[in-house]
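Shown here: query25.txt, compact mmCIF, C-alpha atoms.
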# COMPACT_ATOMS: atom_id res chain seq x y z
CA MET A 1 3.92 20.55 2.75
CA LYS A 2 1.27 23.20 3.24
CA LEU A 3 -2.31 22.48 2.28
CA SER A 4 -5.02 24.93 1.28
CA HIS A 5 -8.27 25.08 3.22
CA THR A 6 -10.04 23.06 0.51
CA GLN A 7 -7.32 20.40 0.53
CA LYS A 8 -7.57 20.15 4.32
CA ILE A 9 -11.31 19.54 4.06
CA ILE A 10 -10.83 16.88 1.38
CA VAL A 11 -8.20 15.13 3.48
CA CYS A 12 -10.53 15.31 6.50
CA VAL A 13 -13.42 13.73 4.58
CA LEU A 14 -11.17 10.97 3.22
CA THR A 15 -9.71 10.38 6.70
CA PHE A 16 -13.15 9.90 8.27
CA LEU A 17 -14.62 7.94 5.34
CA PRO A 18 -13.36 4.50 6.52
CA PHE A 19 -15.26 4.95 9.77
CA LEU A 20 -18.47 5.31 7.75
CA VAL A 21 -17.75 2.56 5.23
CA VAL A 22 -16.76 -0.18 7.70
CA PRO A 23 -20.24 -0.33 9.34
CA TYR A 24 -21.79 -0.42 5.86
CA ILE A 25 -19.56 -3.37 4.92
CA GLY A 26 -20.52 -5.13 8.14
CA PHE A 27 -24.20 -4.59 7.36
CA GLU A 28 -23.76 -5.93 3.81
CA ILE A 29 -21.99 -9.07 5.06
CA PHE A 30 -24.68 -9.66 7.70
CA HIS A 31 -27.43 -9.06 5.15
CA PHE A 32 -25.80 -11.44 2.65
CA VAL A 33 -25.43 -14.21 5.24
CA MET A 34 -29.01 -13.85 6.48
CA GLU A 35 -30.46 -13.81 2.95
CA THR A 36 -28.39 -16.84 1.95
CA ILE A 37 -29.55 -18.78 5.02
CA LYS A 38 -33.16 -17.79 4.35
CA ALA A 39 -32.95 -18.77 0.67
CA SER A 40 -31.18 -22.07 1.37
CA GLU A 41 -34.00 -23.24 3.68
CA THR A 42 -36.37 -23.70 0.74
CA HIS A 43 -34.03 -24.14 -2.24
CA GLU A 44 -30.48 -23.65 -3.43
CA PRO A 45 -29.93 -19.92 -4.17
CA PRO A 46 -28.98 -19.17 -7.79
CA ASP A 47 -25.33 -18.49 -8.51
CA SER A 48 -26.09 -14.99 -9.78
CA VAL A 49 -27.70 -14.04 -6.45
CA VAL A 50 -24.72 -15.38 -4.50
CA ILE A 51 -22.20 -13.56 -6.71
CA THR A 52 -24.18 -10.31 -6.50
CA GLY A 53 -24.34 -10.65 -2.72
CA ILE A 54 -20.60 -11.26 -2.45
CA LEU A 55 -19.79 -8.33 -4.74
CA SER A 56 -21.97 -6.07 -2.56
CA PHE A 57 -19.27 -6.18 0.12
CA ILE A 58 -16.14 -7.19 -1.81
CA ILE A 59 -16.14 -4.03 -3.97
CA PRO A 60 -16.39 -1.64 -0.95
CA ILE A 61 -13.65 -3.64 0.79
CA LEU A 62 -11.36 -3.25 -2.23
CA LEU A 63 -12.12 0.47 -2.52
CA LEU A 64 -11.54 0.94 1.21
CA SER A 65 -8.23 -0.91 0.93
CA MET A 66 -7.07 1.40 -1.86
CA LEU A 67 -8.19 4.46 0.13
CA SER A 68 -6.36 3.20 3.21
CA LEU A 69 -3.17 2.63 1.23
CA GLY A 70 -3.45 6.11 -0.27
CA LEU A 71 -3.99 7.66 3.16
CA HIS A 72 -1.00 5.79 4.57
CA ILE A 73 1.20 7.10 1.77
CA PHE A 74 -0.15 10.66 2.10
CA TYR A 75 0.24 10.85 5.88
CA ILE A 76 3.72 9.32 5.90
CA ILE A 77 4.89 11.77 3.21
CA HIS A 78 3.21 14.70 4.98
CA ALA A 79 4.84 13.82 8.30
CA ALA A 80 8.23 13.27 6.68
CA MET A 81 8.09 16.64 4.89
CA ASN A 82 6.52 18.63 7.74
CA LYS A 83 9.06 21.27 8.72
CA ALA A 84 7.07 22.25 11.83
CA ILE A 85 8.00 19.08 13.72
CA ASP A 86 11.43 17.82 14.73
CA GLN A 87 13.05 14.60 13.50
CA THR A 88 12.12 12.50 16.56
CA GLU A 89 8.47 13.46 16.36
CA ARG A 90 8.45 12.67 12.62
CA ILE A 91 9.74 9.17 13.30
CA VAL A 92 7.17 8.65 16.05
CA TRP A 93 4.33 9.80 13.78
CA ILE A 94 5.46 7.54 10.94
CA LEU A 95 5.69 4.54 13.27
CA LEU A 96 2.24 5.32 14.65
CA PHE A 97 0.86 5.49 11.10
CA VAL A 98 2.39 2.13 10.24
CA PHE A 99 1.25 0.32 13.38
CA PHE A 100 -2.07 2.00 14.24
CA GLY A 101 -3.32 3.39 10.92
CA ALA A 102 -6.64 5.19 10.73
CA ILE A 103 -6.86 6.22 14.39
CA THR A 104 -3.56 8.09 14.18
CA PHE A 105 -4.63 9.72 10.90
CA ILE A 106 -7.44 11.47 12.76
CA ILE A 107 -5.17 12.56 15.60
CA TYR A 108 -2.51 13.82 13.18
CA TRP A 109 -5.12 15.65 11.11
CA PHE A 110 -6.41 17.52 14.17
CA LEU A 111 -2.97 18.27 15.64
CA ARG A 112 -0.87 18.94 12.57
CA ILE A 113 -2.98 19.54 9.46
CA ARG A 114 -5.98 21.46 10.78
CA ASN A 115 -3.83 23.83 12.85
CA GLU A 116 -1.30 24.37 10.05
CA LYS A 117 -1.10 27.96 8.87
CA PRO A 118 -1.50 28.39 5.08
CA GLU A 119 1.41 29.68 3.04
CA ALA A 120 1.43 33.37 2.22
CA PRO A 121 0.63 33.99 -1.45
CA TYR A 122 3.48 35.13 -3.65
CA LEU A 123 3.29 38.77 -4.63

In structure tokens, write the structure found in this file.
Amino acid sequence: MKLSHTQKIIVCVLTFLPFLVVPYIGFEIFHFVMETIKASETHEPPDSVVITGILSFIIPILLLSMLSLGLHIFYIIHAAMNKAIDQTERIVWILLFVFFGAITFIIYWFLRIRNEKPEAPYL
């Protein structure tokens, strides 16, 4: 499976996106906990504030989960269909994707997708 330059850039952005979203989710959880503690010192926080606070990190977690699943599927299919690597290396890559996830996506992108030569256009 050969990718165009634009597709490679899109895959790169999506591959690095979890590393930007996870700190944001951590900040939102910390912010929610601190605000809830602060509000509960004087009065019981309203339900709408609690639900809004929970949604501020639940929605990014759900979106990140869907992105991660999509990346797993993409990288496993790409490795399985990559004619430039032999069967043993394909199996190793797929096992690394399954067990180590996002870290191996970055390594595979740099080693196998970025350095991949584009297909020659049909004349």

### Summary
Judged by all atoms listed in the file, the minimum distance to Gly53 (chain A) among A:Leu95, A:Ile29, A:Leu67, A:Ala39 is found for A:Ile29

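The interatomic distance for the pair CA of Ala79 (chain A) and CA of Gln7 (chain A) works out to 15.9 Å.
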
### Message
Excluding region 8-14 of chain A and its own-chain neighbours fewer than 5 positions away, which residues fall within 8 Å of it when counting only C-alpha atoms? Please give them as an NGL selection string.
### Response
:A and (3 or 67 or 71 or 106 or 109 or 113-114)

Using only C-alpha atoms, which residues sit within 10 Å of Ser68 (chain A) once same-chain residues fewer than 3 positions away are excluded, as a tab-separated table (two decimals) with C-alpha atoms, in the frame of the given file?
chain	number	residue	atom	x	y	z
A	14	LEU	CA	-11.17	10.97	3.22
A	15	THR	CA	-9.71	10.38	6.70
A	17	LEU	CA	-14.62	7.94	5.34
A	18	PRO	CA	-13.36	4.50	6.52
A	62	LEU	CA	-11.36	-3.25	-2.23
A	63	LEU	CA	-12.12	0.47	-2.52
A	64	LEU	CA	-11.54	0.94	1.21
A	65	SER	CA	-8.23	-0.91	0.93
A	71	LEU	CA	-3.99	7.66	3.16
A	72	HIS	CA	-1.00	5.79	4.57
A	73	ILE	CA	1.20	7.10	1.77
A	74	PHE	CA	-0.15	10.66	2.10
A	101	GLY	CA	-3.32	3.39	10.92
A	102	ALA	CA	-6.64	5.19	10.73

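What separates CA of Glu28 (chain A) from CA of Ile54 (chain A) is a distance of 8.8 Å.
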
### Task
Measure the distance from CA of Ile51 (chain A) to CA of Gly70 (chain A) in Å and round it to one decimal.
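If I compute the distance from CA of Ile51 (chain A) to CA of Gly70 (chain A), I get 27.9 Å.
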
### Task
Show me as a PyMOL selection string the residues that reach within 9 Å of (2.9, 7.3, 12.8), counting only C-alpha atoms and using the file's own coordinates.
chain A and resi 75-76+79+90-101+104-105+108
